[in-house]
>>> print(open('query-v8.json').read())   # JSON, C-alpha atoms
[["chain", "number", "residue", "atom", "x", "y", "z"],
["A", 12, "MET", "CA", 0.00, 0.00, 0.00],
["A", 13, "ARG", "CA", 1.45, 3.38, -0.97],
["A", 14, "PRO", "CA", 1.88, 6.08, 1.68],
["A", 15, "LYS", "CA", -0.79, 8.79, 1.83],
["A", 16, "THR", "CA", 1.76, 11.49, 0.94],
["A", 17, "GLN", "CA", 2.59, 9.67, -2.31],
["A", 18, "LEU", "CA", -1.13, 9.48, -3.22],
["A", 19, "ALA", "CA", -1.52, 13.20, -2.54],
["A", 20, "LEU", "CA", 1.51, 13.96, -4.71],
["A", 21, "ASN", "CA", 0.13, 11.82, -7.55],
["A", 22, "LEU", "CA", -3.21, 13.61, -7.36],
["A", 23, "LYS", "CA", -1.51, 17.00, -7.50],
["A", 24, "LEU", "CA", 0.46, 15.94, -10.56],
["A", 25, "LEU", "CA", -2.72, 14.69, -12.26],
["A", 26, "ILE", "CA", -4.55, 17.97, -11.62],
["A", 27, "ILE", "CA", -1.64, 20.08, -12.90],
["A", 28, "CYS", "CA", -1.26, 17.89, -16.01],
["A", 29, "VAL", "CA", -4.98, 18.15, -16.78],
["A", 30, "PHE", "CA", -4.87, 21.95, -16.45],
["A", 31, "LEU", "CA", -1.85, 22.11, -18.75],
["A", 32, "ALA", "CA", -3.65, 19.95, -21.31],
["A", 33, "PHE", "CA", -6.69, 22.23, -21.21],
["A", 34, "PHE", "CA", -4.44, 25.28, -21.55],
["A", 35, "ILE", "CA", -2.69, 23.83, -24.62],
["A", 36, "LEU", "CA", -6.08, 23.15, -26.22],
["A", 37, "PHE", "CA", -7.13, 26.71, -25.36],
["A", 38, "VAL", "CA", -4.01, 28.11, -27.04],
["A", 39, "LEU", "CA", -4.45, 25.94, -30.14],
["A", 40, "LYS", "CA", -8.09, 26.98, -30.49],
["A", 41, "SER", "CA", -7.16, 30.66, -30.16],
["A", 42, "SER", "CA", -4.38, 30.33, -32.74],
["A", 43, "PHE", "CA", -6.63, 28.45, -35.16],
["A", 44, "SER", "CA", -9.40, 31.05, -34.86],
["A", 45, "SER", "CA", -6.92, 33.90, -35.38],
["A", 46, "SER", "CA", -5.38, 32.19, -38.42],
["A", 47, "LYS", "CA", -8.79, 31.49, -39.89],
["A", 48, "GLN", "CA", -9.79, 35.15, -39.62],
["A", 49, "ASN", "CA", -6.52, 36.39, -41.15],
["A", 50, "HIS", "CA", -6.89, 34.18, -44.25],
["A", 51, "SER", "CA", -10.59, 34.68, -44.93],
["A", 52, "PRO", "CA", -11.54, 36.27, -48.30],
["A", 53, "ILE", "CA", -13.58, 38.97, -46.57],
["A", 54, "SER", "CA", -10.71, 40.12, -44.38],
["A", 55, "GLN", "CA", -8.32, 40.16, -47.35],
["A", 56, "THR", "CA", -10.75, 42.31, -49.40],
["A", 57, "ILE", "CA", -11.21, 44.77, -46.57],
["A", 58, "PHE", "CA", -7.46, 44.96, -46.02],
["A", 59, "LYS", "CA", -6.79, 45.77, -49.70],
["A", 60, "LYS", "CA", -9.44, 48.48, -49.80],
["A", 61, "SER", "CA", -8.20, 50.17, -46.68],
["A", 62, "SER", "CA", -4.46, 49.65, -47.11],
["A", 63, "ASN", "CA", -3.82, 53.31, -47.87],
["A", 64, "THR", "CA", -5.62, 54.36, -44.71],
["A", 65, "ILE", "CA", -3.92, 52.01, -42.30],
["A", 66, "LYS", "CA", -0.47, 51.90, -43.89],
["A", 67, "ASP", "CA", 1.03, 54.21, -41.31],
["A", 68, "ALA", "CA", -1.13, 53.07, -38.38],
["A", 69, "LYS", "CA", 0.53, 51.32, -35.46],
["A", 70, "LEU", "CA", -0.74, 47.75, -35.12],
["A", 71, "PRO", "CA", -0.74, 46.01, -31.74],
["A", 72, "THR", "CA", 2.41, 43.98, -31.24],
["A", 73, "ASN", "CA", 1.25, 42.00, -28.21],
["A", 74, "CYS", "CA", -1.68, 40.12, -29.78],
["A", 75, "SER", "CA", -0.06, 36.72, -29.43],
["A", 76, "SER", "CA", 0.71, 37.25, -25.76],
["A", 77, "ILE", "CA", -2.89, 38.30, -25.10],
["A", 78, "CYS", "CA", -4.39, 35.40, -27.06],
["A", 79, "THR", "CA", -2.25, 32.77, -25.36],
["A", 80, "LYS", "CA", -2.21, 34.17, -21.83],
["A", 81, "ILE", "CA", -3.58, 31.74, -19.25],
["A", 82, "PRO", "CA", -6.87, 33.01, -17.74],
["A", 83, "PRO", "CA", -6.51, 34.31, -14.15],
["A", 84, "SER", "CA", -8.97, 31.74, -12.75],
["A", 85, "LEU", "CA", -6.96, 28.86, -14.20],
["A", 86, "ALA", "CA", -3.69, 30.39, -13.01],
["A", 87, "LYS", "CA", -5.05, 30.70, -9.49],
["A", 88, "THR", "CA", -6.23, 27.08, -9.58],
["A", 89, "VAL", "CA", -2.83, 25.75, -10.63],
["A", 90, "ILE", "CA", -1.09, 27.81, -7.94],
["A", 91, "HIS", "CA", -3.58, 26.71, -5.27],
["A", 92, "TYR", "CA", -3.21, 22.98, -5.90],
["A", 93, "SER", "CA", 0.54, 23.23, -6.44],
["A", 94, "THR", "CA", 1.13, 24.87, -3.08],
["A", 95, "SER", "CA", -1.69, 23.47, -0.91],
["A", 96, "THR", "CA", -1.21, 20.51, 1.41],
["A", 97, "ILE", "CA", -4.96, 19.80, 1.16],
["A", 98, "THR", "CA", -5.98, 17.70, -1.84],
["A", 99, "PRO", "CA", -9.45, 16.84, -3.22],
["A", 100, "GLN", "CA", -11.47, 14.17, -1.43],
["A", 101, "GLN", "CA", -11.59, 11.97, -4.54],
["A", 102, "THR", "CA", -8.63, 9.87, -5.65],
["A", 103, "ALA", "CA", -6.71, 10.57, -8.86],
["A", 104, "LYS", "CA", -8.45, 7.69, -10.65],
["A", 105, "GLU", "CA", -11.88, 8.85, -9.48],
["A", 106, "VAL", "CA", -11.21, 12.43, -10.61],
["A", 107, "SER", "CA", -10.08, 11.20, -14.03],
["A", 108, "VAL", "CA", -13.51, 9.65, -14.74],
["A", 109, "THR", "CA", -15.29, 13.01, -14.55],
["A", 110, "ALA", "CA", -12.35, 14.86, -16.13],
["A", 111, "LYS", "CA", -12.61, 12.69, -19.27],
["A", 112, "VAL", "CA", -16.29, 13.57, -19.67],
["A", 113, "LEU", "CA", -15.56, 17.26, -19.11],
["A", 114, "GLU", "CA", -12.81, 17.07, -21.71],
["A", 115, "LYS", "CA", -15.47, 16.15, -24.28],
["A", 116, "LYS", "CA", -18.34, 18.35, -23.08],
["A", 117, "ALA", "CA", -16.77, 21.49, -21.61],
["A", 118, "PRO", "CA", -17.63, 24.30, -21.68],
["A", 119, "CYS", "CA", -20.98, 23.07, -20.39],
["A", 120, "ASN", "CA", -23.45, 23.26, -17.51],
["A", 121, "PHE", "CA", -22.13, 21.42, -14.45],
["A", 122, "LEU", "CA", -24.11, 21.12, -11.18],
["A", 123, "VAL", "CA", -22.27, 19.93, -8.08],
["A", 124, "PHE", "CA", -23.90, 18.92, -4.79],
["A", 125, "GLY", "CA", -21.21, 19.93, -2.34],
["A", 126, "LEU", "CA", -18.59, 22.66, -1.93],
["A", 127, "GLY", "CA", -15.21, 21.25, -0.97],
["A", 128, "HIS", "CA", -11.49, 21.13, -1.62],
["A", 129, "ASP", "CA", -12.13, 19.93, -5.17],
["A", 130, "SER", "CA", -14.54, 22.73, -6.16],
["A", 131, "LEU", "CA", -11.88, 25.01, -7.63],
["A", 132, "MET", "CA", -10.70, 22.07, -9.73],
["A", 133, "TRP", "CA", -14.18, 21.30, -11.15],
["A", 134, "SER", "CA", -14.75, 24.95, -11.99],
["A", 135, "ALA", "CA", -11.40, 25.20, -13.78],
["A", 136, "LEU", "CA", -11.95, 21.97, -15.74],
["A", 137, "ASN", "CA", -15.22, 23.47, -16.97],
["A", 138, "TYR", "CA", -13.57, 26.77, -17.92],
["A", 139, "GLY", "CA", -15.92, 28.92, -20.00],
["A", 140, "GLY", "CA", -18.97, 26.96, -18.84],
["A", 141, "GLN", "CA", -21.32, 27.32, -15.89],
["A", 142, "THR", "CA", -20.48, 25.44, -12.68],
["A", 143, "ILE", "CA", -22.76, 25.81, -9.68],
["A", 144, "PHE", "CA", -22.22, 24.32, -6.21],
["A", 145, "LEU", "CA", -24.98, 23.48, -3.70],
["A", 146, "GLU", "CA", -23.80, 23.39, -0.09],
["A", 147, "GLU", "CA", -25.53, 22.65, 3.24],
["A", 148, "ASP", "CA", -23.09, 24.51, 5.51],
["A", 149, "GLY", "CA", -23.64, 28.27, 5.37],
["A", 150, "VAL", "CA", -20.50, 29.09, 7.38],
["A", 151, "TRP", "CA", -18.34, 27.00, 5.03],
["A", 152, "ILE", "CA", -19.84, 28.78, 2.00],
["A", 153, "GLU", "CA", -18.79, 32.16, 3.39],
["A", 154, "GLN", "CA", -15.24, 30.94, 4.02],
["A", 155, "ILE", "CA", -14.92, 29.61, 0.46],
["A", 156, "ARG", "CA", -16.47, 32.79, -1.04],
["A", 157, "ARG", "CA", -13.87, 34.94, 0.71],
["A", 158, "LYS", "CA", -11.04, 32.76, -0.55],
["A", 159, "PHE", "CA", -12.39, 31.97, -4.04],
["A", 160, "PRO", "CA", -15.00, 34.59, -5.01],
["A", 161, "MET", "CA", -15.12, 33.26, -8.58],
["A", 162, "LEU", "CA", -16.96, 30.11, -7.43],
["A", 163, "LYS", "CA", -20.75, 30.29, -7.66],
["A", 164, "SER", "CA", -22.55, 28.56, -4.80],
["A", 165, "TYR", "CA", -25.92, 28.43, -3.07],
["A", 166, "HIS", "CA", -26.93, 27.39, 0.43],
["A", 167, "VAL", "CA", -29.31, 24.42, 0.48],
["A", 168, "SER", "CA", -31.32, 22.96, 3.37],
["A", 169, "TYR", "CA", -32.27, 19.27, 3.60],
["A", 170, "GLU", "CA", -35.17, 17.88, 5.62],
["A", 171, "SER", "CA", -34.19, 14.20, 5.46],
["A", 172, "LYS", "CA", -31.98, 12.07, 7.72],
["A", 173, "VAL", "CA", -29.91, 9.00, 6.99],
["A", 174, "SER", "CA", -32.01, 7.11, 9.55],
["A", 175, "GLN", "CA", -35.05, 7.58, 7.25],
["A", 176, "ALA", "CA", -33.36, 6.00, 4.22],
["A", 177, "GLU", "CA", -35.30, 2.72, 4.24],
["A", 178, "ILE", "CA", -38.68, 4.50, 4.48],
["A", 179, "LEU", "CA", -37.72, 6.93, 1.71],
["A", 180, "MET", "CA", -36.63, 4.04, -0.50],
["A", 181, "GLU", "CA", -40.12, 2.53, -0.26],
["A", 182, "ILE", "CA", -41.76, 5.90, -0.89],
["A", 183, "GLY", "CA", -39.57, 6.33, -3.97],
["A", 184, "LYS", "CA", -41.14, 3.28, -5.59],
["A", 185, "GLY", "CA", -44.57, 4.95, -5.72],
["A", 186, "PRO", "CA", -46.10, 6.40, -8.92],
["A", 187, "GLU", "CA", -45.72, 9.99, -7.66],
["A", 188, "CYS", "CA", -41.93, 9.44, -7.53],
["A", 189, "THR", "CA", -41.49, 7.67, -10.86],
["A", 190, "ALA", "CA", -43.51, 10.25, -12.82],
["A", 191, "VAL", "CA", -41.19, 12.48, -14.89],
["A", 192, "GLY", "CA", -41.62, 16.22, -14.40],
["A", 193, "ASP", "CA", -40.22, 19.39, -12.85],
["A", 194, "THR", "CA", -39.05, 18.37, -9.36],
["A", 195, "ARG", "CA", -40.10, 21.67, -7.75],
["A", 196, "TYR", "CA", -43.73, 20.71, -8.43],
["A", 197, "SER", "CA", -43.28, 17.00, -7.66],
["A", 198, "MET", "CA", -45.52, 15.20, -5.15],
["A", 199, "CYS", "CA", -42.65, 12.88, -4.23],
["A", 200, "GLN", "CA", -41.23, 13.29, -0.73],
["A", 201, "LEU", "CA", -37.72, 12.66, -2.07],
["A", 202, "ALA", "CA", -37.75, 15.61, -4.48],
["A", 203, "LEU", "CA", -35.86, 18.79, -3.57],
["A", 204, "LYS", "CA", -38.43, 21.55, -4.17],
["A", 205, "SER", "CA", -36.75, 24.66, -2.76],
["A", 206, "LEU", "CA", -33.53, 24.94, -4.76],
["A", 207, "PRO", "CA", -32.74, 28.27, -6.50],
["A", 208, "SER", "CA", -34.85, 28.75, -9.65],
["A", 209, "GLU", "CA", -31.65, 28.85, -11.73],
["A", 210, "VAL", "CA", -31.00, 25.22, -10.82],
["A", 211, "TYR", "CA", -34.39, 24.06, -12.14],
["A", 212, "GLU", "CA", -34.26, 26.18, -15.28],
["A", 213, "THR", "CA", -30.80, 25.10, -16.47],
["A", 214, "LYS", "CA", -30.22, 22.09, -18.74],
["A", 215, "TRP", "CA", -27.46, 20.30, -16.88],
["A", 216, "ASP", "CA", -24.88, 18.35, -18.87],
["A", 217, "LEU", "CA", -23.16, 16.96, -15.79],
["A", 218, "ILE", "CA", -24.32, 16.53, -12.19],
["A", 219, "MET", "CA", -22.01, 15.47, -9.37],
["A", 220, "VAL", "CA", -23.51, 14.22, -6.09],
["A", 221, "ASP", "CA", -20.83, 14.49, -3.40],
["A", 222, "ALA", "CA", -23.00, 16.01, -0.67],
["A", 223, "PRO", "CA", -24.72, 16.53, 1.70],
["A", 224, "THR", "CA", -23.18, 14.84, 4.74],
["A", 225, "GLY", "CA", -24.08, 11.19, 4.99],
["A", 226, "TYR", "CA", -21.75, 9.37, 7.34],
["A", 227, "HIS", "CA", -23.96, 9.27, 10.48],
["A", 228, "GLU", "CA", -27.63, 8.58, 11.24],
["A", 229, "GLU", "CA", -28.63, 12.17, 11.99],
["A", 230, "ALA", "CA", -26.96, 13.58, 8.85],
["A", 231, "PRO", "CA", -29.26, 14.62, 5.98],
["A", 232, "GLY", "CA", -27.87, 11.94, 3.64],
["A", 233, "ARG", "CA", -27.83, 11.99, -0.15],
["A", 234, "MET", "CA", -31.16, 10.29, -0.80],
["A", 235, "SER", "CA", -32.90, 13.43, -2.08],
["A", 236, "ALA", "CA", -29.84, 14.71, -3.96],
["A", 237, "ILE", "CA", -29.47, 11.43, -5.88],
["A", 238, "TYR", "CA", -33.20, 11.22, -6.64],
["A", 239, "THR", "CA", -33.40, 14.88, -7.76],
["A", 240, "ALA", "CA", -30.31, 14.53, -9.97],
["A", 241, "GLY", "CA", -31.90, 11.57, -11.73],
["A", 242, "MET", "CA", -35.21, 13.34, -12.27],
["A", 243, "MET", "CA", -33.53, 16.48, -13.61],
["A", 244, "ALA", "CA", -31.73, 14.29, -16.14],
["A", 245, "ARG", "CA", -34.95, 12.56, -17.20],
["A", 246, "ASN", "CA", -36.85, 15.84, -17.47],
["A", 247, "ARG", "CA", -34.36, 17.69, -19.70],
["A", 248, "GLU", "CA", -35.32, 18.48, -23.29],
["A", 249, "GLU", "CA", -36.08, 15.53, -25.56],
["A", 250, "GLY", "CA", -33.02, 13.90, -27.09],
["A", 251, "GLY", "CA", -30.57, 15.13, -24.46],
["A", 252, "GLU", "CA", -28.66, 13.12, -21.91],
["A", 253, "THR", "CA", -26.98, 13.94, -18.61],
["A", 254, "ASP", "CA", -23.87, 12.43, -17.04],
["A", 255, "VAL", "CA", -24.48, 11.90, -13.32],
["A", 256, "PHE", "CA", -21.70, 11.01, -10.87],
["A", 257, "VAL", "CA", -22.20, 9.77, -7.30],
["A", 258, "HIS", "CA", -19.32, 9.64, -4.83],
["A", 259, "ASP", "CA", -18.98, 7.47, -1.70],
["A", 260, "VAL", "CA", -20.91, 4.52, -3.17],
["A", 261, "ASN", "CA", -19.10, 2.31, -0.65],
["A", 262, "ARG", "CA", -21.76, 3.51, 1.80],
["A", 263, "GLU", "CA", -25.18, 1.87, 1.91],
["A", 264, "VAL", "CA", -27.32, 4.92, 1.07],
["A", 265, "GLU", "CA", -25.21, 6.03, -1.90],
["A", 266, "ASP", "CA", -25.01, 2.45, -3.16],
["A", 267, "LYS", "CA", -28.72, 1.57, -2.96],
["A", 268, "PHE", "CA", -30.16, 4.94, -3.99],
["A", 269, "SER", "CA", -27.87, 5.37, -6.99],
["A", 270, "ARG", "CA", -28.78, 1.90, -8.26],
["A", 271, "ALA", "CA", -32.50, 2.43, -7.65],
["A", 272, "PHE", "CA", -32.96, 5.97, -9.01],
["A", 273, "LEU", "CA", -30.10, 6.34, -11.50],
["A", 274, "CYS", "CA", -30.42, 2.68, -12.58],
["A", 275, "ASP", "CA", -27.88, -0.07, -13.14],
["A", 276, "GLY", "CA", -28.82, -0.04, -16.83],
["A", 277, "TYR", "CA", -27.58, 3.55, -17.16],
["A", 278, "MET", "CA", -24.31, 2.93, -15.30],
["A", 279, "LYS", "CA", -21.26, 3.54, -17.50],
["A", 280, "LYS", "CA", -18.46, 2.91, -15.04],
["A", 281, "GLN", "CA", -17.47, 2.53, -11.41],
["A", 282, "GLN", "CA", -14.03, 3.61, -10.28],
["A", 283, "GLY", "CA", -13.29, 3.18, -6.60],
["A", 284, "ARG", "CA", -16.03, 4.99, -4.67],
["A", 285, "LEU", "CA", -17.32, 6.86, -7.75],
["A", 286, "ARG", "CA", -20.12, 5.75, -10.09],
["A", 287, "HIS", "CA", -20.84, 7.29, -13.47],
["A", 288, "PHE", "CA", -24.33, 7.11, -14.99],
["A", 289, "ARG", "CA", -25.50, 8.50, -18.33],
["A", 290, "ILE", "CA", -29.24, 9.16, -18.20],
["A", 291, "PRO", "CA", -31.25, 9.99, -21.34],
["A", 292, "SER", "CA", -34.20, 12.36, -21.41],
["A", 293, "ARG", "CA", -37.62, 10.77, -20.97],
["A", 294, "ARG", "CA", -39.66, 13.90, -21.59],
["A", 295, "GLY", "CA", -40.77, 12.76, -25.04],
["A", 296, "SER", "CA", -41.17, 9.07, -24.10],
["A", 297, "LEU", "CA", -43.09, 8.94, -20.85],
["A", 298, "ASP", "CA", -44.32, 5.42, -21.63],
["A", 299, "LYS", "CA", -40.82, 3.96, -21.14],
["A", 300, "PRO", "CA", -39.97, 2.23, -17.85],
["A", 301, "PHE", "CA", -38.21, 4.21, -15.11],
["A", 302, "CYS", "CA", -35.12, 1.98, -15.48],
["A", 303, "PRO", "CA", -34.11, 0.11, -18.66]]
>>> encode(input="query-v8.json", output="structure tokens")
Amino acid sequence: MRPKTQLALNLKLLIICVFLAFFILFVLKSSFSSSKQNHSPISQTIFKKSSNTIKDAKLPTNCSSICTKIPPSLAKTVIHYSTSTITPQQTAKEVSVTAKVLEKKAPCNFLVFGLGHDSLMWSALNYGGQTIFLEEDGVWIEQIRRKFPMLKSYHVSYESKVSQAEILMEIGKGPECTAVGDTRYSMCQLALKSLPSEVYETKWDLIMVDAPTGYHEEAPGRMSAIYTAGMMARNREEGGETDVFVHDVNREVEDKFSRAFLCDGYMKKQQGRLRHFRIPSRRGSLDKPFCP
């Protein structure tokens, strides 16, 4: 078994390498776009017509440095993880599962249940997209906002408890919980109905469930978060699909509720304590079964 310090070092290296890869892609895209504009027929025609006017004008000499400069948010992320002794809760292999999906879909809409040491990383990997974090601890939110004001987060309250998991599992099997629709108007006890309106009105490409707290009986548990993530995916516009990730599936609640409400048939991969599901929209096919 490798020492914990070695695992932390490996995770840091993975994060830095991923950021560098994204930066290289960003530079290549910028260069390609600039080259494309310079060689277009329209730009050449305009240049010829106005050559006499601009012949003596001073053109900017620092365009390349501006176009290839790393964005401040990404720079801050690299510096933070390079110098911090605190690493994300997920392992390097677990992080890589979501990172691969983001590599294909970003910039996109990414909803994360939980605000933690990995939040800055998720936001940076979705650079140019919208990443929103939902957190149960109001004091923790304020601490993170002061340190990383670029992260967008909302405080969320949960009414459930881990001790109620078995009862909620039975309730979730009822017709009011398997009916596809907007969760804020759902009759299901599992549905989260008081999230910010922005959360309900956004078409989420990725949803990560890594909160709320669920390691003791009086904790709110992730029953409602998992159920709501699955219903949001099913209720998105026809033809779309949502990648949903659930962390800590080594625990009973995360294991049973992810299998029941995100469905084994939609599971793409499990890596360590992380499960990846890809759930298609059911808005235009309400006659299909809840799980395949």
>>> atom_distance(input="query-v8.json", atom1="atom CA of Gln282 of chain A", atom2="atom CA of Phe301 of chain A")
24.7 Å
>>> residues_around(input="query-v8.json", residues="Lys299 of chain A", least_positions_apart="5", cutoff="12 Å", atoms="all atoms listed in the file", output="ChimeraX atom specification")
/A:189-191,245,291-294
>>> closest_residue(input="query-v8.json", among="A:Thr94, A:Thr109, A:Ser168, A:Thr102", to="Met219 of chain A", atoms="only C-alpha atoms")
A:Thr109
>>> residues_around(input="query-v8.json", residues="segment 263-280 of chain A", least_positions_apart="5", cutoff="8 Å", atoms="only C-alpha atoms", output="PyMOL selection string")
chain A and resi 173+176+180+232-234+237-238+241+257-258+286-290+302-303
>>> closest_residue(input="query-v8.json", among="A:Asn137, A:Ser84, A:Gln100, A:Ser130", to="Arg284 of chain A", atoms="only C-alpha atoms")
A:Gln100
>>> atom_distance(input="query-v8.json", atom1="atom CA of Ser164 of chain A", atom2="atom CA of Tyr92 of chain A")
20.2 Å
>>> closest_residue(input="query-v8.json", among="A:Ala230, A:Leu162, A:Cys188, A:Val167", to="Gly149 of chain A", atoms="only C-alpha atoms")
A:Val167
>>> closest_residue(input="query-v8.json", among="A:Leu285, A:Ala135, A:Val106, A:Ala244", to="Gly192 of chain A", atoms="all atoms listed in the file")
A:Ala244
>>> residues_near_point(input="query-v8.json", point="(-45.1, 6.8, -3.9)", cutoff="12 Å", atoms="only C-alpha atoms", output="ChimeraX atom specification")
/A:178-190,197-202
>>> atom_distance(input="query-v8.json", atom1="atom CA of Trp151 of chain A", atom2="atom CA of Asp259 of chain A")
20.7 Å
>>> axis_aligned_box(input="query-v8.json", around="segment 165-184 of chain A", padding_each_side="8 Å", output="AutoDock Vina command-line options")
--center_x -33.8 --center_y 15.5 --center_z 2.0 --size_x 31.8 --size_y 41.9 --size_z 31.1
>>> residues_near_point(input="query-v8.json", point="(-43.3, 24.9, -9.8)", cutoff="12 Å", atoms="all atoms listed in the file", output="VMD selection string")
chain A and resid 192 to 198 203 to 208 211 to 212
>>> closest_residue(input="query-v8.json", among="A:Asn246, A:Thr213, A:Ser95, A:Thr88", to="Phe121 of chain A", atoms="all atoms listed in the file")
A:Thr213
>>> closest_residue(input="query-v8.json", among="A:Thr98, A:Glu249, A:Ala236, A:Ala103", to="Ser171 of chain A", atoms="only C-alpha atoms")
A:Ala236
